[in-house]
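The file coords.cif comes next; it holds mmCIF, C-alpha atoms.
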data_my_file
loop_
_atom_site.label_atom_id
_atom_site.label_comp_id
_atom_site.auth_asym_id
_atom_site.auth_seq_id
_atom_site.Cartn_x
_atom_site.Cartn_y
_atom_site.Cartn_z
CA MET A 1 -141.52 13.63 173.85
CA GLN A 2 -142.40 15.86 176.82
CA LEU A 3 -139.51 17.26 178.88
CA ASP A 4 -141.12 15.91 182.07
CA ALA A 5 -141.15 12.41 180.59
CA LEU A 6 -137.50 12.71 179.63
CA ASN A 7 -136.56 13.59 183.20
CA GLU A 8 -138.07 10.32 184.40
CA PHE A 9 -135.35 8.12 182.87
CA ALA A 10 -134.08 5.88 185.65
CA PHE A 11 -130.55 6.28 186.88
CA GLU A 12 -129.21 4.25 189.79
CA ASP A 13 -127.67 7.34 191.33
CA SER A 14 -130.11 10.25 191.29
CA ASP A 15 -127.15 12.64 191.54
CA GLN A 16 -126.20 11.55 188.02
CA GLN A 17 -129.70 11.94 186.61
CA PRO A 18 -129.53 14.51 183.79
CA HIS A 19 -131.81 17.47 184.28
CA VAL A 20 -133.66 18.63 181.17
CA TYR A 21 -135.57 21.88 181.10
CA ASP A 22 -136.87 24.61 178.83
CA HIS A 23 -135.30 28.05 179.05
CA ASN A 24 -137.21 30.55 176.90
CA GLY A 25 -137.64 28.03 174.08
CA ALA A 26 -134.14 26.56 174.33
CA VAL A 27 -133.77 23.06 175.72
CA VAL A 28 -131.02 22.74 178.32
CA ILE A 29 -129.60 19.30 179.15
CA GLU A 30 -127.65 19.51 182.38
CA LEU A 31 -125.38 16.46 182.64
CA ARG A 32 -124.23 15.47 186.10
CA GLY A 33 -121.61 13.23 187.66
CA GLU A 34 -119.47 10.86 185.63
CA ILE A 35 -119.85 10.85 181.87
CA ASP A 36 -118.52 7.44 180.87
CA LEU A 37 -119.67 4.50 178.73
CA LEU A 38 -122.47 3.54 181.11
CA ALA A 39 -123.72 7.13 181.21
CA TYR A 40 -123.57 7.28 177.41
CA GLN A 41 -125.73 4.17 177.10
CA ARG A 42 -128.28 5.63 179.49
CA MET A 43 -128.25 9.15 178.06
CA ALA A 44 -128.55 8.41 174.33
CA PRO A 45 -132.29 7.58 174.58
CA LEU A 46 -132.76 10.81 176.54
CA ILE A 47 -130.71 13.11 174.32
CA ASP A 48 -131.65 11.78 170.86
CA PRO A 49 -135.30 12.93 170.93
CA ILE A 50 -134.19 16.39 172.02
CA THR A 51 -131.42 16.83 169.46
CA GLY A 52 -133.65 15.44 166.71
CA GLY A 53 -136.67 17.46 167.88
CA THR A 54 -137.90 20.94 167.11
CA ALA A 55 -136.16 23.12 169.71
CA PRO A 56 -134.35 26.00 167.98
CA THR A 57 -131.52 25.78 170.53
CA VAL A 58 -130.05 22.85 172.45
CA VAL A 59 -127.53 23.48 175.21
CA ILE A 60 -125.57 20.77 176.99
CA ASP A 61 -124.40 22.04 180.36
CA LEU A 62 -121.37 20.20 181.74
CA THR A 63 -120.79 22.38 184.82
CA ARG A 64 -121.97 19.61 187.17
CA THR A 65 -119.94 16.79 185.65
CA THR A 66 -117.13 15.23 187.67
CA PHE A 67 -115.58 12.90 185.08
CA PHE A 68 -115.55 13.06 181.29
CA ASP A 69 -114.01 10.49 178.94
CA CYS A 70 -114.29 9.54 175.27
CA SER A 71 -117.92 8.56 175.84
CA GLY A 72 -118.59 12.20 176.71
CA ILE A 73 -116.95 13.21 173.45
CA ALA A 74 -119.29 10.80 171.66
CA ILE A 75 -122.33 12.32 173.42
CA LEU A 76 -121.33 15.87 172.48
CA SER A 77 -120.39 14.97 168.89
CA ARG A 78 -123.64 13.09 168.34
CA ALA A 79 -125.74 15.87 169.88
CA HIS A 80 -123.95 18.54 167.85
CA ARG A 81 -124.32 16.61 164.60
CA ARG A 82 -128.04 15.89 165.14
CA THR A 83 -128.89 19.42 166.26
CA THR A 84 -127.01 21.33 163.57
CA ALA A 85 -128.18 18.94 160.82
CA ARG A 86 -131.69 20.27 161.31
CA GLY A 87 -130.49 23.89 161.36
CA ALA A 88 -130.77 24.46 165.11
CA HIS A 89 -128.20 26.11 167.36
CA PHE A 90 -126.07 23.89 169.61
CA SER A 91 -123.93 25.02 172.53
CA VAL A 92 -121.85 23.48 175.30
CA VAL A 93 -121.32 25.04 178.73
CA CYS A 94 -118.07 23.93 180.33
CA THR A 95 -115.60 25.34 182.82
CA HIS A 96 -113.81 22.19 183.98
CA ARG A 97 -110.21 22.52 182.80
CA LEU A 98 -109.67 18.77 182.23
CA THR A 99 -112.81 18.49 180.13
CA LEU A 100 -111.79 21.57 178.17
CA ARG A 101 -108.38 19.98 177.66
CA ILE A 102 -110.01 16.81 176.26
CA LEU A 103 -112.06 18.93 173.87
CA ARG A 104 -108.90 20.78 172.79
CA LEU A 105 -106.84 17.58 172.34
CA THR A 106 -109.55 15.94 170.25
CA GLY A 107 -109.82 19.02 168.06
CA LEU A 108 -113.46 19.65 169.00
CA THR A 109 -113.03 23.06 170.61
CA PRO A 110 -113.42 24.96 167.29
CA THR A 111 -116.52 22.92 166.44
CA LEU A 112 -118.28 22.90 169.81
CA LEU A 113 -117.10 26.35 170.97
CA PRO A 114 -117.60 25.73 174.71
CA VAL A 115 -118.65 28.73 176.77
CA PRO A 116 -118.29 29.31 180.54
CA THR A 117 -121.92 30.10 181.45
CA LEU A 118 -125.46 29.21 180.45
CA ALA A 119 -126.20 32.90 179.93
CA LYS A 120 -123.39 33.12 177.37
CA ALA A 121 -124.61 29.96 175.60
CA LEU A 122 -128.13 31.36 175.32
CA ALA A 123 -126.89 34.77 174.19
CA GLU A 124 -125.09 33.19 171.22
CA GLU A 125 -128.26 31.74 169.68
#
For this file, write the structure as structure tokens.
Amino acid sequence: MQLDALNEFAFEDSDQQPHVYDHNGAVVIELRGEIDLLAYQRMAPLIDPITGGTAPTVVIDLTRTTFFDCSGIAILSRAHRRTTARGAHFSVVCTHRLTLRILRLTGLTPTLLPVPTLAKALAEE
């Protein structure tokens, strides 16, 4: 699926529309706004073709998220599992302290290894 086509998924609030783009061969999925059950249901059809695709690196950027619950954990876990199962590199960019706390409390920090910037995520390929 083309990245342009993926960016056309309809979201009621365009501020929450994920932004998907190529960065030197890596696919970056910038999630925005609230990441809850409704967002999960809308994002799975967007994220699955990317994480199951051929990109050597997939980065999920959470720097523009405002809320993150267990549905966000499900998105990250699913994306990580699908990406690494095909031997690709997966990274998460996150600086929000409450989201980092959720990752720590769920025990996912050692698995997902969140980094503070996109540059750091891309450098760890």
- Query: Which residues, written as a ChimeraX atom specification, have at least one atom at most 12 Å from Gly87 (chain A), with all atoms listed in the file counted and residues fewer than 4 positions away on the same chain left out?
  - Reply: /A:51-58,80-83,125
Residue selection dump (C-alpha atoms) as a PDB file, in the coordinates of the input:
ATOM      1  CA  THR A  51    -131.420  16.830 169.460  1.00  0.00           C
ATOM      2  CA  GLY A  52    -133.650  15.440 166.710  1.00  0.00           C
ATOM      3  CA  GLY A  53    -136.670  17.460 167.880  1.00  0.00           C
ATOM      4  CA  THR A  54    -137.900  20.940 167.110  1.00  0.00           C
ATOM      5  CA  ALA A  55    -136.160  23.120 169.710  1.00  0.00           C
ATOM      6  CA  PRO A  56    -134.350  26.000 167.980  1.00  0.00           C
ATOM      7  CA  THR A  57    -131.520  25.780 170.530  1.00  0.00           C
ATOM      8  CA  VAL A  58    -130.050  22.850 172.450  1.00  0.00           C
ATOM      9  CA  HIS A  80    -123.950  18.540 167.850  1.00  0.00           C
ATOM     10  CA  ARG A  81    -124.320  16.610 164.600  1.00  0.00           C
ATOM     11  CA  ARG A  82    -128.040  15.890 165.140  1.00  0.00           C
ATOM     12  CA  THR A  83    -128.890  19.420 166.260  1.00  0.00           C
ATOM     13  CA  GLU A 125    -128.260  31.740 169.680  1.00  0.00           C
TER      14      GLU A 125
END
- Item | Nearest candidate to Glu124 (chain A) (options A:Val59, A:Glu30, A:Cys70, A:Thr99; using only C-alpha atoms) |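 Looking at the shortest contact to Glu124 (chain A), the residue is A:Val59.
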- Message: I'd like the neighbourhood of Ile29 (chain A) as a VMD selection string, where a residue qualifies if any of its atoms comes within 8 Å (using all atoms listed in the file), though same-chain residues fewer than 5 positions away should be ignored.
- Response: chain A and resid 18 to 21 47 58 to 61
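With all atoms listed in the file as the atoms that count, the minimum distance from Gly107 (chain A) to the choices A:Val93, A:Ala88, A:Ala119, A:Ile73 is reached by A:Ile73.
Proximity to Leu103 (chain A) was assessed for A:Gln17, A:Asp69, A:Tyr40, A:Gly25 counting all atoms listed in the file; the smallest distance is recorded for A:Asp69.
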- Message: Residues near Arg101 (chain A), anyone? I mean within 12 Å using only C-alpha atoms, not counting same-chain ones fewer than 5 positions away, as a PyMOL selection string.
- Response: chain A and resi 68-69+73+94-96+106-109+114
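Between Leu100 (chain A) and the residues A:Val27, A:Leu46, A:Leu62, A:Ala121, the shortest atom-to-atom distance, using only C-alpha atoms, involves A:Leu62.
Going from CA of Thr65 (chain A) to CA of Ala39 (chain A) covers 11.3 Å.
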Specify the axis-aligned box that encloses all atoms of region 81-87 of chain A listed in the file after padding of 6 Å on each side, stating its centre and edge lengths in Å to one decimal as lines of an AutoDock Vina configuration file.
center_x = -128.0
center_y = 19.9
center_z = 163.5
size_x = 19.4
size_y = 20.0
size_z = 17.4
- Quote the spacing between CA of Lys120 (chain A) and CA of Ala74 (chain A) in Å to one decimal place.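 It comes out at 23.4 Å.
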Can you fill out region 104-120 of chain A with N, CA, C and O atoms and hand it back as a CSV table (one decimal), in the frame of the given file?
chain,number,residue,atom,x,y,z
A,104,ARG,N,-110.0,20.2,173.6
A,104,ARG,CA,-108.9,20.8,172.8
A,104,ARG,C,-108.1,19.7,172.1
A,104,ARG,O,-107.7,19.8,170.9
A,105,LEU,N,-107.7,18.6,172.9
A,105,LEU,CA,-106.8,17.6,172.3
A,105,LEU,C,-107.5,16.8,171.2
A,105,LEU,O,-106.8,16.3,170.3
A,106,THR,N,-108.8,16.7,171.3
A,106,THR,CA,-109.6,15.9,170.2
A,106,THR,C,-109.9,16.8,169.1
A,106,THR,O,-110.5,16.3,168.1
A,107,GLY,N,-109.6,18.1,169.2
A,107,GLY,CA,-109.8,19.0,168.1
A,107,GLY,C,-111.3,19.5,168.0
A,107,GLY,O,-111.7,20.1,167.0
A,108,LEU,N,-112.0,19.3,169.0
A,108,LEU,CA,-113.5,19.6,169.0
A,108,LEU,C,-113.8,21.1,169.5
A,108,LEU,O,-114.9,21.5,169.3
A,109,THR,N,-112.8,21.7,170.1
A,109,THR,CA,-113.0,23.1,170.6
A,109,THR,C,-113.5,24.0,169.5
A,109,THR,O,-114.5,24.7,169.7
A,110,PRO,N,-112.9,24.0,168.3
A,110,PRO,CA,-113.4,25.0,167.3
A,110,PRO,C,-114.8,24.6,166.8
A,110,PRO,O,-115.6,25.5,166.3
A,111,THR,N,-115.2,23.4,166.9
A,111,THR,CA,-116.5,22.9,166.4
A,111,THR,C,-117.6,23.2,167.5
A,111,THR,O,-118.6,23.7,167.2
A,112,LEU,N,-117.3,22.8,168.7
A,112,LEU,CA,-118.3,22.9,169.8
A,112,LEU,C,-118.3,24.3,170.5
A,112,LEU,O,-119.3,24.7,171.0
A,113,LEU,N,-117.2,25.0,170.4
A,113,LEU,CA,-117.1,26.4,171.0
A,113,LEU,C,-117.7,26.4,172.4
A,113,LEU,O,-118.6,27.1,172.6
A,114,PRO,N,-117.1,25.7,173.3
A,114,PRO,CA,-117.6,25.7,174.7
A,114,PRO,C,-117.5,27.1,175.3
A,114,PRO,O,-116.6,27.9,175.0
A,115,VAL,N,-118.6,27.4,176.1
A,115,VAL,CA,-118.6,28.7,176.8
A,115,VAL,C,-118.7,28.5,178.3
A,115,VAL,O,-119.1,27.4,178.7
A,116,PRO,N,-118.4,29.5,179.1
A,116,PRO,CA,-118.3,29.3,180.5
A,116,PRO,C,-119.6,29.4,181.3
A,116,PRO,O,-119.7,28.9,182.4
A,117,THR,N,-120.7,30.0,180.7
A,117,THR,CA,-121.9,30.1,181.4
A,117,THR,C,-123.1,29.8,180.5
A,117,THR,O,-123.0,29.9,179.3
A,118,LEU,N,-124.2,29.4,181.2
A,118,LEU,CA,-125.5,29.2,180.4
A,118,LEU,C,-125.9,30.5,179.8
A,118,LEU,O,-126.4,30.5,178.7
A,119,ALA,N,-125.8,31.6,180.5
A,119,ALA,CA,-126.2,32.9,179.9
A,119,ALA,C,-125.5,33.2,178.6
A,119,ALA,O,-126.1,33.6,177.6
A,120,LYS,N,-124.2,32.9,178.6
A,120,LYS,CA,-123.4,33.1,177.4
A,120,LYS,C,-123.8,32.2,176.3
A,120,LYS,O,-124.0,32.6,175.1
